[in-house]
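Encoded as C-alpha cells, the structure appears first; notes follow it.
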Number of protein chains: 2
Amino acid sequence: MIGASGAFGFGIAIRLARAGVPIAIGSRQSERARETVARAAAAIPQGRFSAHDNAGAARAASTVILSVPFRNQSETLTNLAPALTPGQLLIDASVPLAAAVSGKATRMLGVWQGSAAQQAREMAPDGVRVVSALHTVSAASLTDLEHPLDQDVLLCGDAREDKRQAARLLELLGGTRCVDCGRLEMARITESLTALLISVNARYKSHAGIRLTGLPDPVWE
Amino acid sequence: MIGASGAFGFGIAIRLARAGVPIAIGSRQSERARETVARAAAAIPQGRFSAHDNAGAARAASTVILSVPFRNQSETLTNLAPALTPGQLLIDASVPLAAAVSGKATRMLGVWQGSAAQQAREMAPDGVRVVSALHTVSAASLTDLEHPLDQDVLLCGDAREDKRQAARLLELLGGTRCVDCGRLEMARITESLTALLISVNARYKSHAGIRLTGLPDPVWE
C-alpha cells in the first residue's frame with residue numbers, strides 16, 4: 001500500500017488485512033509508515049502489517065496499490081519506478097480531481113495521457129501490469145468496518161488476467177463485486193465517477209457507491 | 001418526444017404512455033412520426049399518442065424529451081428553438097459518443113460547452129429549463145416491457161425543482177429511481193457513462209444499468 005496514511009488507503013489496508021492479506025505499508029517517511037502500522041494494528045489486531053519507505057513497500061509485495069492524492073501521483077511514481085519489477089501488478093486508485101489544483105472536487109483535471117491510470121502505465125517500468133480500480137468506493141465506507149461495502153468495484157485494464165487477479169484481491173474488501181469495465185483507457189470515465197459521487201454525496205449527505213444491474217452471475221467465469 | 005423512431009426514444013415513449021402520459025411524437029418528417037405512432041399504439045393499445053413534426057411536438061407538450069443521435073442534436077435544436085417557450089422543461093438524453101464521427105462507441109467526443117446537455121442549454125431559448133437524464137438506461141431494457149428497469153436515472157440540472165419535475169415523470173418508466181447528481185455541468189460525467197456501459201455490455205453480453213447504493217430513502221423529500 002502506497003498512501004495508506006490517508007483514510008482511503010488506510011481503509012483498504014485494514015479491510016484486506018482483516019481478510020488475511022499481509023500488508024506492507026509504504027510512506028515517503030518510514031516514521032509515518034510506522035505510525036500508520038500502529039493505527040492499523042490497533043484496528044485489526046490479528047492483521048499482519050509491516051512499515052517501509054515507498055520503495056521498500058513496493059519491493060515487499062507482488063501487488064502494489066497506489067492511493068496517493070493526484071498531486072503526488074507523478075512524483076510518487078518517479079520515485080517508485082526503480083523499485084517496481086516486471087510482472088508486478090500495480091492497482092492505481094488515483095483520481096485527477098480539480099481539487100488537486102485548488103479547484104472543485106466535483107470537477108476533473110484533463111490528464112494528457114487520458115487518465116491518471118494511463119499516466120501510471122506510462123511512468124511504470126515496462127512489464128508492470130496496471131489496473132485501475134476503486135474510484136467509486138468512499139473512504140468513509142472503507143473505514144466503517146461494521147458494514148459490508150454493498151457496491152461494485154469497477155476495474156479497467158488492458159489484460160483480462162490482470163483484472164481477474166485484481167478482482168480476487170479486491171473482493172476481499174467485503175461486500176464488493178469487481179466488474180470488468182474494459183481497457184485501461186476507460187479509466188478516464190471511472191475516475192470521473194469520484195467527482196460524480198462527491199456531487200451526489202453533497203446533496204444527500206451520503207457515502208454513495210455504485211452497483212451495476214443486469215450483469216450475469218457470477219461476473220467472472 | 002423528439003427522436004422516438006429510434007429504439008431508445010421509442011422505449012421511453014411506450015413506457016410513459018403505459019403509465020398514462022399522453023405522448024406527442026415528433027420527427028423531421030411527419031410521415032415518419034405517423035409510422036412511429038402506429039408502432040407505439042400497437043405496443044400500448046391504451047396509450048395516447050399523436051404524430052407531429054418536431055416543432056409541432058414541442059408545441060404540444062410542457063416537457064420535451066430530446067433523444068436524437070448526437071450528430072443530429074445541434075441541427076435538431078436549431079430547428080426546434082423557435083417552437084420552444086420559456087418555462088418548458090427540456091430533458092436532454094444526448095450522448096456525444098465518438099461513434100457520431102465513426103469512432104468507437106466506448107469513446108467520447110469533447111464538446112466545447114462541456115457536454116451535450118450544456119450545448120442544449122446554450123442553444124435553447126432563454127427560460128427553457130434543461131435537465132440531463134437517461135444516459136445509463138439501455139434501449140434494450142426500455143423496450144423490454146415485461147421487466148421493470150431495476151436501475152437509477154441520473155439527473156443533472158441547475159435547479160432542484162426542474163430535476164424534481166423530471167424525476168416525477170421519469171419514475172413512471174417503471175423500476176426507476178431518479179437521483180439528483182448535481183448541476184448541469186455534471187452531465188459530462190453522466191453522459192460518459194453510456195460509453196462505460198457499452199464497454200461493460202460488450203464484455204458481459206448484458207444490458208447493464210446503474211444503481212447508487214448508500215442513499216437515503218426516499219431520495220426526494
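Residues are named by chain letter and number: chains run A, B, ... in the order of the C-alpha cells, numbers start at 1 in each chain, and ligands are numbered from 1 in the order shown.
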Only residues of chain B matter here; which ones have an atom within 9 Å of chain A, counting only C-alpha atoms? Give them as a ChimeraX atom specification. /B:106-107,150-151,179-183,185-186,189-190,192-193,195-197,199-216,219
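For Arg39 of chain B, the non-local neighbours within 10 Å, defined as residues at least 4 positions apart in the same chain or in other chains and counting only C-alpha atoms, are B:Ser5, B:Phe10, B:Ile14, B:Ala33, B:Arg34, B:Glu35, B:Ala43, B:Ile44, B:Pro45.
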Quick one: pick out all alpha helix (DSSP H) residues within segment 41-215 of chain A from a backbone DSSP run and write them as a PyMOL selection string. chain A and resi 41-43+54-59+70-80+116-123+139-143+160-170+187-204
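In terms of minimum interatomic distance to His52 of chain A, A:Ile2 ranks closest within A:Ile91, A:Ala81, A:Ile2, A:Ala98, counting only C-alpha atoms.
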Name all residues at most 7 Å from Gly157 of chain B (count only C-alpha atoms; drop same-chain ones fewer than 5 positions away) and give them as a JSON list (two decimals) with N, CA, C and O atoms, in the first residue's frame.
```json
[["chain", "number", "residue", "atom", "x", "y", "z"],
["B", 130, "VAL", "N", -33.32, 23.14, -18.64],
["B", 130, "VAL", "CA", -32.69, 21.94, -19.20],
["B", 130, "VAL", "C", -32.26, 21.00, -18.08],
["B", 130, "VAL", "O", -31.58, 21.40, -17.14],
["B", 131, "VAL", "N", -32.69, 19.75, -18.19],
["B", 131, "VAL", "CA", -32.25, 18.68, -17.29],
["B", 131, "VAL", "C", -31.65, 17.58, -18.16],
["B", 131, "VAL", "O", -32.18, 17.24, -19.21],
["B", 132, "SER", "N", -30.54, 17.04, -17.73],
["B", 132, "SER", "CA", -29.86, 15.95, -18.44],
["B", 132, "SER", "C", -30.21, 14.64, -17.75],
["B", 132, "SER", "O", -30.18, 14.55, -16.52],
["B", 163, "LYS", "N", -35.25, 19.33, -11.66],
["B", 163, "LYS", "CA", -34.90, 17.92, -11.53],
["B", 163, "LYS", "C", -36.03, 17.15, -10.86],
["B", 163, "LYS", "O", -36.33, 16.01, -11.23],
["B", 182, "GLY", "N", -26.48, 16.63, -9.30],
["B", 182, "GLY", "CA", -25.83, 17.92, -9.22],
["B", 182, "GLY", "C", -26.14, 18.82, -10.39],
["B", 182, "GLY", "O", -27.15, 18.65, -11.08],
["B", 183, "ARG", "N", -25.28, 19.79, -10.62],
["B", 183, "ARG", "CA", -25.52, 20.82, -11.61],
["B", 183, "ARG", "C", -25.40, 20.26, -13.03],
["B", 183, "ARG", "O", -24.87, 19.18, -13.25],
["B", 184, "LEU", "N", -25.87, 21.03, -13.98],
["B", 184, "LEU", "CA", -25.89, 20.55, -15.37],
["B", 184, "LEU", "C", -24.49, 20.20, -15.84],
["B", 184, "LEU", "O", -24.32, 19.29, -16.67]]
```
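Atom CA of Ser115 of chain B is found 24.1 Å from atom CA of Ala13 of chain B.
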What's around Ile25 of chain B at 12 Å? Count only C-alpha atoms, leave out sequence neighbours fewer than 6 positions away in its own chain, and write the answer as a ChimeraX atom specification. /B:1-6,9-10,12-14,17,31-41,48-61,64-67
Output file for the selection above: N, CA and C atoms, as a short mmCIF file (atom, residue, chain, number, x, y, z; two decimals), in the first residue's frame:
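The resulting file, out-v8.cif, is reproduced below:
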```
data_model
loop_
_atom_site.label_atom_id
_atom_site.label_comp_id
_atom_site.auth_asym_id
_atom_site.auth_seq_id
_atom_site.Cartn_x
_atom_site.Cartn_y
_atom_site.Cartn_z
N MET B 1 -41.83 13.88 -27.42
CA MET B 1 -40.66 13.05 -27.69
C MET B 1 -40.08 13.45 -29.04
N ILE B 2 -38.85 13.95 -29.00
CA ILE B 2 -38.14 14.25 -30.25
C ILE B 2 -37.13 13.12 -30.44
N GLY B 3 -37.36 12.29 -31.45
CA GLY B 3 -36.47 11.15 -31.68
C GLY B 3 -37.02 9.85 -31.14
N ALA B 4 -38.29 9.61 -31.38
CA ALA B 4 -38.93 8.39 -30.85
C ALA B 4 -38.89 7.25 -31.86
N SER B 5 -38.35 7.50 -33.04
CA SER B 5 -38.32 6.39 -34.01
C SER B 5 -37.17 5.43 -33.69
N GLY B 6 -36.13 5.91 -33.02
CA GLY B 6 -35.06 5.02 -32.57
C GLY B 6 -35.53 4.19 -31.38
N GLY B 9 -35.65 6.15 -27.80
CA GLY B 9 -36.77 7.09 -27.64
C GLY B 9 -38.11 6.37 -27.68
N PHE B 10 -38.18 5.35 -28.52
CA PHE B 10 -39.42 4.58 -28.63
C PHE B 10 -39.74 3.89 -27.30
N ILE B 12 -38.84 4.84 -24.31
CA ILE B 12 -39.31 5.83 -23.35
C ILE B 12 -40.76 6.20 -23.63
N ALA B 13 -41.06 6.40 -24.90
CA ALA B 13 -42.43 6.80 -25.27
C ALA B 13 -43.45 5.76 -24.84
N ILE B 14 -43.19 4.49 -25.13
CA ILE B 14 -44.21 3.49 -24.81
C ILE B 14 -44.29 3.23 -23.31
N ALA B 17 -46.27 6.14 -21.94
CA ALA B 17 -47.67 6.02 -22.37
C ALA B 17 -48.38 4.95 -21.55
N GLU B 31 -44.55 12.02 -41.73
CA GLU B 31 -44.89 10.65 -42.12
C GLU B 31 -44.22 9.64 -41.19
N ARG B 32 -42.94 9.93 -40.88
CA ARG B 32 -42.22 9.01 -40.01
C ARG B 32 -42.82 9.03 -38.60
N ALA B 33 -43.24 10.20 -38.15
CA ALA B 33 -43.89 10.29 -36.84
C ALA B 33 -45.16 9.45 -36.83
N ARG B 34 -45.91 9.48 -37.94
CA ARG B 34 -47.15 8.68 -38.00
C ARG B 34 -46.84 7.18 -37.94
N GLU B 35 -45.77 6.79 -38.62
CA GLU B 35 -45.37 5.37 -38.56
C GLU B 35 -45.00 4.98 -37.12
N THR B 36 -44.27 5.87 -36.46
CA THR B 36 -43.87 5.58 -35.08
C THR B 36 -45.08 5.50 -34.16
N VAL B 37 -46.03 6.39 -34.36
CA VAL B 37 -47.26 6.36 -33.56
C VAL B 37 -47.99 5.04 -33.77
N ALA B 38 -48.02 4.56 -35.01
CA ALA B 38 -48.71 3.29 -35.28
C ALA B 38 -48.02 2.15 -34.54
N ARG B 39 -46.69 2.13 -34.57
CA ARG B 39 -45.95 1.10 -33.84
C ARG B 39 -46.19 1.20 -32.35
N ALA B 40 -46.18 2.44 -31.84
CA ALA B 40 -46.36 2.65 -30.40
C ALA B 40 -47.76 2.22 -29.96
N ALA B 41 -48.75 2.55 -30.78
CA ALA B 41 -50.13 2.19 -30.44
C ALA B 41 -50.32 0.68 -30.47
N ARG B 48 -52.00 7.05 -25.38
CA ARG B 48 -52.45 8.23 -26.13
C ARG B 48 -51.25 8.82 -26.86
N PHE B 49 -51.22 8.65 -28.17
CA PHE B 49 -50.10 9.12 -28.98
C PHE B 49 -50.62 10.08 -30.05
N SER B 50 -49.80 11.06 -30.40
CA SER B 50 -50.13 11.91 -31.54
C SER B 50 -48.86 12.16 -32.34
N ALA B 51 -49.00 12.33 -33.66
CA ALA B 51 -47.86 12.49 -34.57
C ALA B 51 -47.73 13.94 -35.01
N HIS B 52 -46.48 14.40 -35.05
CA HIS B 52 -46.20 15.80 -35.38
C HIS B 52 -44.87 15.90 -36.09
N ASP B 53 -44.59 17.08 -36.69
CA ASP B 53 -43.19 17.36 -36.99
C ASP B 53 -42.54 17.79 -35.66
N ASN B 54 -41.23 17.94 -35.63
CA ASN B 54 -40.57 18.20 -34.35
C ASN B 54 -41.12 19.45 -33.66
N ALA B 55 -41.29 20.52 -34.43
CA ALA B 55 -41.78 21.77 -33.83
C ALA B 55 -43.19 21.56 -33.27
N GLY B 56 -44.01 20.84 -34.00
CA GLY B 56 -45.38 20.59 -33.55
C GLY B 56 -45.40 19.79 -32.25
N ALA B 57 -44.51 18.82 -32.16
CA ALA B 57 -44.44 18.01 -30.93
C ALA B 57 -44.00 18.88 -29.75
N ALA B 58 -43.05 19.75 -29.99
CA ALA B 58 -42.56 20.62 -28.92
C ALA B 58 -43.64 21.58 -28.45
N ARG B 59 -44.49 22.03 -29.39
CA ARG B 59 -45.57 22.95 -29.01
C ARG B 59 -46.70 22.23 -28.28
N ALA B 60 -46.75 20.90 -28.45
CA ALA B 60 -47.89 20.14 -27.91
C ALA B 60 -47.71 19.74 -26.45
N ALA B 61 -46.52 19.99 -25.87
CA ALA B 61 -46.25 19.44 -24.54
C ALA B 61 -45.48 20.44 -23.69
N VAL B 64 -40.34 18.42 -23.01
CA VAL B 64 -39.80 17.91 -24.28
C VAL B 64 -38.62 17.00 -23.96
N ILE B 65 -38.67 15.76 -24.45
CA ILE B 65 -37.54 14.84 -24.27
C ILE B 65 -36.81 14.74 -25.60
N LEU B 66 -35.52 15.04 -25.56
CA LEU B 66 -34.70 15.03 -26.78
C LEU B 66 -33.82 13.79 -26.76
N SER B 67 -34.09 12.87 -27.67
CA SER B 67 -33.30 11.63 -27.72
C SER B 67 -32.90 11.34 -29.16
#
```
Residues within 9 Å of Thr78 of chain B, only C-alpha atoms, excluding chain neighbours under 4 positions, as a VMD selection string: chain B and resid 73 to 74 82 123 to 124
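For the choices A:Ser62, A:Ser27, A:Gln118, A:Gln88, the atom-to-atom distance to Thr76 of chain A is smallest for A:Ser27 when using only C-alpha atoms.
Shortest separation to Ala83 of chain A among A:Pro125, A:Gly110, A:Pro96, A:Gly103 occurs at residue A:Pro125, atoms counted being only C-alpha atoms.
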Might you pull out every residue within 10 Å of Glu122 of chain A, with only C-alpha atoms counted and same-chain residues fewer than 5 positions away left off, and present them as number ranges by chain? A: 77, 113, 116-117, 130
Measure the distance from atom CA of Lys104 of chain B to atom CA of Val128 of chain A in Å and round it to one decimal. 27.0 Å
Nearest to Arg177 of chain B: which of B:Ile23, B:Val101, B:Leu84, B:Ala133 is it, counting only C-alpha atoms? B:Ala133
